[in-house]
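A.B. asks: Okay, handing you the structure first.
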Amino acid sequence: MNTRMICTECPKGCALSVTVHDGRVISVRGNECNRGVHFAHQEIENPKRLLTSTVCAEGLSVRMVPVRTDRPIPKDKLQEGMALIHTLRIKDPVNIGEVIVTRFLDLDVNLISTRSVK
Amino acid sequence: MREYELVIVGGGPAGMAAALSAREHGINDILLLERDRCLGGILNQCIHPGFGITYYKEILTGPEYAERFIKGIHAAPEIDVRLQAFVVDLNKEKIMTVLRPGSMERIKAKALIMATGCRERTREMAHIAGTRPSGIYPAGLAQKMINMEGWLPGNEVVVVGSGDIGLIMARRFSLEGAMVKGVVEIKPTCSGLIRNVVQCLEDFNIPLYLGHKIARICGHDRVERVTVVRVNDDLNEIPGSAFDITCDTVLLSAGLIPENELIEMAGVKIDKNTNTPISDEVNTTSIPGLFVCGNAFKVYDVVDWVTKDSEEAGIQAALYIKRNP
Amino acid sequence: MNEYDLIIIGGGVIGASIARELSRYKLRIALVEKEAELAFGVSKSNSGIIHPGTQNKPGSLKGRLCVEGNRLTRIIAKEVGVDFQAVGELICAFSDDDIQNLFALKKQAEDIGVPRLEIVYKPWLKINEPNLSSEVVAALYAPTAGIISPYRWVYDLAENAARNGVDVFTNTKVTAIESGKVFTVHTTNATFESRYIINAAGLYADDIARMVGIDDFTITARKGEEFLLDKKREYIANHLLFPLPTKTSKGILVIKTSDGNPMVGPTAEVCESKEDLSTSDEGLAKVFASVRRMIPAISERDIIAYFAGLRPVAGEDFIVRHEDRVPGCITVAGIQSPGLTAAPAIAVMVVDLLKKNGLDLKKKFFFHRHRQKTDHLFAIPFNRTKQLIQKDPEYGDIVCRCEMVSVREIKDAIARGARTLDGIKFRTRAQAGRCHGGFCTARIMKILAEELNVPIANITKRGMGSEMVVKERT
């Protein structure tokens, strides 16, 4: 099966033509650099996204603390991640980069704060 | 009246970069005015990733990008920061009136850098016909509501315009459990980055209606639906192409307008089409020693370029101050 | 419970003017309004022009009440602390033939008592209205024309009436009226009893009339679309500019407003629905083509807001009368233009009708004639701003950057009765500027929620059903 996709590794946006068999990438065409090949494999075989969101703060200087996963997580886990984030509360001041949840969704990923909040 | 060598209006990415750069170039009497309660400007509400790819060679979120500069500003004793400070008046002598809770003062600047950013184009400027119910928001306001306040503005959303803020908000609404029913773009191509089309729309199965426009907004108290039409090459409605989308929210991502009303008040020549200063050289205006940087000078695609050009503004101001002691 | 001598139905400029006029007397008065706040019906989309009376027929109620209303508005505006600016108007003629019509118009206006009219020609126009098109050959100048903020006018009249004892009820829609020895007025809020009722229900005056068996008039809505321009263009015109009127309309105008933003419009289209406040692409095109004949420099690019208003029309003239078949019922209906101007004169006329129909009017020993003017930073010089900030730091905490509105002004508006975002906008101008609330809406919502002690999800744009957010994360 042939799939067309646009590489988003850089703003150039190469139009890739990808041959896929059984969910595996066989060949990639249209890429101007090697990142295109990597991108096609990633997007077809195991698409991942960085999840960014906010967590409710209690008694701090802001109402919401912005957070993100420190690494991309599987795309199909985004909503599950959101559901977990909605249950969280931050009551103590946090520093930027501070871990809010370790092993987020039992993945090898942490949820971290992206802002220092007093 | 207190006089500063350099006053910078706006504590977002442009103002902070200009301040740090001017200090690095020998200016040690700097006042940075910010109207909000904290530095960082619009970056604070841009919690999504995609900042700093060029400048830091890393992918950061808005608050992370901002915090690197905020730390720099706080570590610089030469930069006097005033928050909740609002410039209400400016003249060509670079004398301004500044309001803050509990005070009003006049301040004079030897050199002045305006880093006042942009406002969003409104529904009124996009001339969308129909009613004026609740539920019509500029995308940036919706972003502030969701990301800063934790409020969900609506359940069923149509986005007008395919700029990056609109695409990013389509994803943000989807993640918060709202249903985004479509992004409507009058032009035949998407205005936002391809990465955002893929990660904000395709990931969430949100339709992108290119070559379409909203002909009418309907609803009495709250938005009830929009009428969408296809347009021809002249951007006019193609008869018979109308269809309705029911929704309770319309988000506008129809472009940004640089905020230059203060310098216009001071007599700077402004291009009426772009609302930016008329100038041959980046960051300069028709008044010597009055600089404009960042999105107020021109609307940049990414913050990295705002930083670069604002650092340049800091150098330009430093040179001006040294030449005019 | 809820017994009154008199109930005024409708909290627009007519209801508020009548309430204020009647509050001089020893009466128990209720003013009831179906919307979340006063001035949310016809009055909110008014141009704010205080007409001199140049455009009304001799012998008409409109003409007489307009000229008298112009005089009274100046006095009462000063008493209740609302700015009235006598900017004057120019009715423009585009050809030598038209000049004859100007003279005819002048004669007619002088007959109904409009003072100080003058025909002015190009040299005068060039000096006093420099942006005017060179096609305008002459104009009828009426210096008594003025401008006022239509909503602040209603709010301040009603506030002064309330100070003098009138009870104001919002979110109170009249659903039925039983007439007998007294009127029993059923509403969505409570039931009221009173000896007299005044129907000032604007677009719905015919519905109210039918509740007491009066069915000899109907109200049709005539829509007008208006476009507000950026305050930067405040001085694009120095006067109110009218083209020479046609049979059906005063034409499309260039209007100065109390807030500084020029306004252009209105259109005039008969409208099927009394709820249709939509604007159209055609309206925009028509208005701009028309006003550019007078001021060629007017640009669509300067539009910061637009809206449509509905004028309540019940035939040619106003209806102001006592319903002899329903003793105690006064009808004030079909108050289209120049209704805002005529309002104080209508109020005096209503008092007269009440007196003639048996209401015993005894003046109060003490009537609070004056109301302290509300401070608006946008309308005062900086030295006054400085004093205000020294007195109250919250005057220095700016919420609306485009129109320079402080936290203190927002809180004041809430203390004076604002309950919605539109109510705040109409009173203070916050959210009414060029960014249209993009920057300040969230902050104003928070202030409203805090001051009223309600959740954010209850904050509305203009009353129930127009909530701003569907959910708050907690």
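Residues in the structure tokens are named by chain (A, B, ... in the order shown) and by number from 1 within that chain; ligands are numbered from 1 in the order shown.
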What are the residues of chain C that have an atom within 12 Å of an atom of chain A, counting only C-alpha atoms, as a CSV table (one decimal) with N, CA and C atoms, in the first residue's frame?

C.D. replies:
chain,number,residue,atom,x,y,z
C,446,LYS,N,-13.6,37.7,35.5
C,446,LYS,CA,-13.2,37.4,36.9
C,446,LYS,C,-13.6,38.4,37.9
C,472,GLU,N,-15.8,25.2,34.1
C,472,GLU,CA,-14.6,25.7,34.7
C,472,GLU,C,-13.9,24.5,35.4
C,473,ARG,N,-12.7,24.3,35.2
C,473,ARG,CA,-11.9,23.2,35.8
C,473,ARG,C,-11.6,23.6,37.3
C,474,THR,N,-11.9,22.7,38.2
C,474,THR,CA,-11.6,23.0,39.6
C,474,THR,C,-10.9,21.8,40.2

A.B. asks: Please, which residues of chain A, numbered as in this document, come out strand (DSSP E or B) from DSSP, as a ChimeraX atom specification?

C.D. replies: /A:2-6,15-21,24-29,48-49,52-57,64-69,73-74,89-90,94,99-101,111-113,117

A.B. asks: Within 8 Å of chain B, which residues of chain A show up? Give each one with its shortest atom-to-atom distance in Å (one decimal) and the two atoms involved, counting only C-alpha atoms, rows by chain then rising residue number, as JSON lines.

C.D. replies:
{"residue": "A:Ile6", "atom": "CA", "partner": "B:Ile194", "partner_atom": "CA", "distance": 7.5}
{"residue": "A:Cys7", "atom": "CA", "partner": "B:Arg195", "partner_atom": "CA", "distance": 7.9}
{"residue": "A:Thr8", "atom": "CA", "partner": "B:Arg195", "partner_atom": "CA", "distance": 4.9}
{"residue": "A:Glu9", "atom": "CA", "partner": "B:Arg195", "partner_atom": "CA", "distance": 7.9}
{"residue": "A:Pro11", "atom": "CA", "partner": "B:Leu193", "partner_atom": "CA", "distance": 7.1}
{"residue": "A:Gly13", "atom": "CA", "partner": "B:Ile194", "partner_atom": "CA", "distance": 6.6}
{"residue": "A:Leu50", "atom": "CA", "partner": "B:Pro49", "partner_atom": "CA", "distance": 7.8}
{"residue": "A:Thr52", "atom": "CA", "partner": "B:His48", "partner_atom": "CA", "distance": 5.7}
{"residue": "A:Ser53", "atom": "CA", "partner": "B:Ile47", "partner_atom": "CA", "distance": 6.9}
{"residue": "A:Thr54", "atom": "CA", "partner": "B:Asn147", "partner_atom": "CA", "distance": 6.4}
{"residue": "A:Cys56", "atom": "CA", "partner": "B:Gly150", "partner_atom": "CA", "distance": 7.4}
{"residue": "A:Val62", "atom": "CA", "partner": "B:Met148", "partner_atom": "CA", "distance": 7.6}
{"residue": "A:Arg63", "atom": "CA", "partner": "B:Glu149", "partner_atom": "CA", "distance": 5.9}
{"residue": "A:Met64", "atom": "CA", "partner": "B:Met148", "partner_atom": "CA", "distance": 5.6}
{"residue": "A:Pro66", "atom": "CA", "partner": "B:Ile47", "partner_atom": "CA", "distance": 6.1}
{"residue": "A:Val67", "atom": "CA", "partner": "B:Ile47", "partner_atom": "CA", "distance": 7.7}
{"residue": "A:Leu78", "atom": "CA", "partner": "B:Leu175", "partner_atom": "CA", "distance": 7.7}
{"residue": "A:Gln79", "atom": "CA", "partner": "B:Leu175", "partner_atom": "CA", "distance": 6.5}
{"residue": "A:Met82", "atom": "CA", "partner": "B:Leu175", "partner_atom": "CA", "distance": 6.7}
{"residue": "A:Ile96", "atom": "CA", "partner": "B:Glu64", "partner_atom": "CA", "distance": 7.4}
{"residue": "A:Thr114", "atom": "CA", "partner": "B:Glu64", "partner_atom": "CA", "distance": 5.5}
{"residue": "A:Arg115", "atom": "CA", "partner": "B:Pro63", "partner_atom": "CA", "distance": 5.7}
{"residue": "A:Ser116", "atom": "CA", "partner": "B:Glu67", "partner_atom": "CA", "distance": 7.9}

A.B. asks: Selected residues, N, CA and C atoms, written as a tab-separated table (two decimals), in the first residue's frame, please.

C.D. replies:
chain	number	residue	atom	x	y	z
A	6	ILE	N	3.14	14.31	4.57
A	6	ILE	CA	4.06	15.45	4.53
A	6	ILE	C	4.98	15.37	5.75
A	7	CYS	N	6.26	15.44	5.46
A	7	CYS	CA	7.24	15.37	6.53
A	7	CYS	C	7.18	16.66	7.35
A	8	THR	N	7.09	16.53	8.66
A	8	THR	CA	7.01	17.73	9.51
A	8	THR	C	8.26	17.92	10.36
A	9	GLU	N	9.33	17.26	9.94
A	9	GLU	CA	10.57	17.39	10.70
A	9	GLU	C	11.13	18.82	10.63
A	11	PRO	N	10.34	22.93	8.60
A	11	PRO	CA	9.28	23.68	7.92
A	11	PRO	C	9.24	23.50	6.40
A	13	GLY	N	8.75	20.77	4.71
A	13	GLY	CA	7.55	19.98	4.46
A	13	GLY	C	7.60	19.15	3.19
A	50	LEU	N	4.28	14.89	21.66
A	50	LEU	CA	4.49	15.52	22.96
A	50	LEU	C	3.11	15.97	23.44
A	52	THR	N	1.07	18.47	25.72
A	52	THR	CA	1.17	19.65	26.58
A	52	THR	C	-0.23	19.97	27.08
A	53	SER	N	-0.30	20.37	28.34
A	53	SER	CA	-1.60	20.70	28.91
A	53	SER	C	-1.39	21.57	30.15
A	54	THR	N	-2.42	21.65	30.98
A	54	THR	CA	-2.31	22.42	32.22
A	54	THR	C	-2.88	21.61	33.37
A	56	CYS	N	-4.52	22.04	37.35
A	56	CYS	CA	-5.09	23.01	38.28
A	56	CYS	C	-4.14	23.24	39.46
A	62	VAL	N	-0.87	31.38	40.32
A	62	VAL	CA	-1.65	31.25	39.08
A	62	VAL	C	-2.69	30.15	39.26
A	63	ARG	N	-3.69	30.15	38.42
A	63	ARG	CA	-4.75	29.13	38.52
A	63	ARG	C	-4.34	27.82	37.85
A	64	MET	N	-3.55	27.92	36.78
A	64	MET	CA	-3.18	26.73	36.03
A	64	MET	C	-1.66	26.67	35.87
A	66	PRO	N	1.24	25.15	33.55
A	66	PRO	CA	1.44	24.43	32.29
A	66	PRO	C	2.38	23.23	32.50
A	67	VAL	N	2.07	22.15	31.82
A	67	VAL	CA	2.88	20.93	31.95
A	67	VAL	C	3.09	20.31	30.57
A	78	LEU	N	-2.99	10.00	23.98
A	78	LEU	CA	-3.16	11.41	24.33
A	78	LEU	C	-4.39	11.63	25.22
A	79	GLN	N	-5.53	11.06	24.84
A	79	GLN	CA	-6.75	11.31	25.61
A	79	GLN	C	-6.66	10.69	27.00
A	82	MET	N	-4.76	13.04	29.04
A	82	MET	CA	-5.57	14.18	29.43
A	82	MET	C	-6.46	13.82	30.63
A	96	ILE	N	10.37	25.19	37.14
A	96	ILE	CA	10.31	24.76	35.75
A	96	ILE	C	11.09	23.44	35.63
A	114	THR	N	6.22	23.26	33.07
A	114	THR	CA	6.96	24.08	32.10
A	114	THR	C	7.05	25.53	32.55
A	115	ARG	N	6.72	25.77	33.83
A	115	ARG	CA	6.81	27.14	34.33
A	115	ARG	C	7.08	27.07	35.83
A	116	SER	N	7.90	27.99	36.31
A	116	SER	CA	8.10	28.09	37.75
A	116	SER	C	6.93	28.86	38.34

A.B. asks: Residues of chain C within 9 Å of chain B: nearest atom pair and distance (Å, one decimal) for each, counting only C-alpha atoms, sorted by chain and number, as CSV?

C.D. replies:
residue,atom,partner,partner_atom,distance
C:Lys232,CA,B:Glu261,CA,8.4
C:Glu275,CA,B:His220,CA,7.8
C:Asp276,CA,B:Thr131,CA,7.8
C:Leu277,CA,B:Thr131,CA,5.9
C:Ser278,CA,B:Thr131,CA,4.1
C:Thr279,CA,B:Gly130,CA,5.1
C:Ser280,CA,B:Ala129,CA,4.9
C:Asp281,CA,B:Ala129,CA,6.1
C:Leu284,CA,B:His127,CA,8.6
C:Glu300,CA,B:Met125,CA,8.4
C:Arg301,CA,B:Met125,CA,7.3
C:Asp302,CA,B:Met125,CA,8.3
C:Ile303,CA,B:Met125,CA,6.5
C:Ile304,CA,B:Glu124,CA,5.9
C:Ala305,CA,B:Glu124,CA,5.4
C:Tyr306,CA,B:Glu124,CA,6.7
C:Phe307,CA,B:Arg132,CA,7.7
C:Ala308,CA,B:Thr131,CA,8.6
C:Phe382,CA,B:Thr97,CA,8.7
C:Thr385,CA,B:Met104,CA,8.0
C:Lys386,CA,B:Met104,CA,5.7
C:Ile389,CA,B:Gly102,CA,5.4
C:Gln390,CA,B:Gly102,CA,6.0
C:Lys391,CA,B:Gly102,CA,8.3
C:Asp392,CA,B:Gly102,CA,6.8
C:Pro393,CA,B:Gly102,CA,3.6
C:Glu394,CA,B:Pro101,CA,5.5
C:Tyr395,CA,B:Pro101,CA,6.8
C:Gly396,CA,B:Pro101,CA,4.2
C:Asp397,CA,B:Pro101,CA,4.6
C:Ile398,CA,B:Phe86,CA,6.9
C:Arg401,CA,B:Phe86,CA,8.0
C:Met404,CA,B:Val88,CA,7.5
C:Arg434,CA,B:Thr122,CA,8.4
C:Cys435,CA,B:Arg119,CA,6.3
C:His436,CA,B:Thr122,CA,6.9
C:Gly437,CA,B:Leu141,CA,8.5
C:Gly438,CA,B:Leu141,CA,5.5
C:Phe439,CA,B:Leu141,CA,6.8
C:Cys440,CA,B:Leu141,CA,8.7
C:Thr441,CA,B:Leu141,CA,7.8
C:Ala442,CA,B:Met145,CA,6.6
C:Ile456,CA,B:Trp151,CA,8.2
C:Ala457,CA,B:Trp151,CA,8.4
C:Thr460,CA,B:Ser134,CA,7.8
C:Lys461,CA,B:Ser134,CA,5.8
C:Arg462,CA,B:Asp221,CA,7.7
C:Gly463,CA,B:Asp221,CA,8.0
C:Met464,CA,B:Asp221,CA,7.9
C:Gly465,CA,B:Asp221,CA,5.4
C:Ser466,CA,B:Asp221,CA,4.6
C:Glu467,CA,B:Ser134,CA,6.8
C:Met468,CA,B:Ser134,CA,6.2
C:Val469,CA,B:Pro153,CA,4.0
C:Val470,CA,B:Gly154,CA,5.5
C:Lys471,CA,B:Leu152,CA,5.1
C:Glu472,CA,B:Trp151,CA,4.4
C:Arg473,CA,B:Gly150,CA,5.2
C:Thr474,CA,B:Gly150,CA,7.8

A.B. asks: Can you check which residues of range 61-246 of chain B DSSP gives as helix (DSSP H, G or I) on the backbone and send them as a count of residues only?

C.D. replies: 47

A.B. asks: Using only C-alpha atoms, which protein or nucleic acid residues come within 10 Å of Phe39 in chain A? Drop anything in the same chain fewer than 4 positions from it, and give the result as an mmCIF file with C-alpha atoms, in the first residue's frame.

C.D. replies:
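Contents of around.cif, as written:
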data_model
loop_
_atom_site.group_PDB
_atom_site.id
_atom_site.type_symbol
_atom_site.label_atom_id
_atom_site.label_comp_id
_atom_site.auth_asym_id
_atom_site.auth_seq_id
_atom_site.Cartn_x
_atom_site.Cartn_y
_atom_site.Cartn_z
ATOM 1 C CA MET A 5 2.328 12.189 3.820
ATOM 2 C CA ILE A 6 4.057 15.451 4.533
ATOM 3 C CA CYS A 7 7.237 15.368 6.529
ATOM 4 C CA THR A 8 7.009 17.728 9.510
ATOM 5 C CA GLU A 9 10.574 17.391 10.700
ATOM 6 C CA LEU A 16 6.672 11.828 1.027
ATOM 7 C CA VAL A 28 10.237 6.221 1.310
ATOM 8 C CA ASN A 31 12.411 13.152 1.083
ATOM 9 C CA ASN A 34 17.419 11.397 5.906
ATOM 10 C CA ARG A 35 15.104 12.806 8.551
ATOM 11 C CA GLU A 43 4.636 8.186 11.840
ATOM 12 C CA ILE A 44 3.582 4.864 10.332
ATOM 13 C CA GLU A 45 4.984 2.379 12.823
ATOM 14 C CA PRO A 47 3.340 7.724 15.912
#

A.B. asks: Would you kindly return, as number ranges by chain, each protein, DNA or RNA residue with an atom no farther than 6 Å from any atom of range 135-146 of chain C, considering only C-alpha atoms and excluding same-chain residues fewer than 3 positions away?

C.D. replies: C: 49-52, 85-94, 117-122

A.B. asks: With a distance cut-off of 6 Å and only C-alpha atoms, select the neighbouring residues of range 186-188 of chain B, excluding the residue or stretch itself and same-chain residues fewer than 4 positions from it, and output the selection as a ChimeraX atom specification.

C.D. replies: /B:210-213

A.B. asks: Counting only C-alpha atoms, figure out which residue out of A:Glu98, A:Glu32, A:Asp92, A:Asp108 gets nearest to Gly59 in chain A.

C.D. replies: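 The shortest atom-to-atom distance to Gly59 in chain A comes from A:Asp92.
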
A.B. asks: Near Thr54 in chain C, counting only C-alpha atoms, which residues have an atom at most 7 Å away, once you skip same-chain residues fewer than 2 positions from it, shown as a list in words?

C.D. replies: Pro52, Asn56, Ala109 and Val114 of chain C

A.B. asks: Just to confirm, what's the straight-line distance from CA of Ile197 in chain C to CA of Asn46 in chain C in Å (one decimal)?

C.D. replies: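 The value is 25.3 Å.
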
A.B. asks: Please provide the set of residues having any atom within 12 Å of Val302 in chain B, restricted to only C-alpha atoms, with same-chain residues fewer than 5 positions apart removed, written as an NGL selection string.

C.D. replies: (:A and (11)) or (:B and (13-14 or 43 or 49-55 or 62 or 65 or 164-165 or 192-193 or 294-295 or 307-309))

A.B. asks: How many Å separate CA of Ser61 in chain A from CA of Leu39 in chain B?

C.D. replies: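 Computing the Euclidean distance for CA of Ser61 in chain A and CA of Leu39 in chain B yields 13.6 Å.
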
A.B. asks: Rounded to one decimal in Å, what is the spacing between CA of Arg225 in chain B and CA of Gly182 in chain B?

C.D. replies: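 We find that CA of Arg225 in chain B and CA of Gly182 in chain B lie 12.2 Å from each other.
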
A.B. asks: Ranking C:Asp156, C:Asp259, C:Asp98, C:Glu33 by minimum distance to His376 in chain C and counting only C-alpha atoms, which one comes first?

C.D. replies: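 Once distances to His376 in chain C are computed over only C-alpha atoms, the minimum belongs to C:Asp259.
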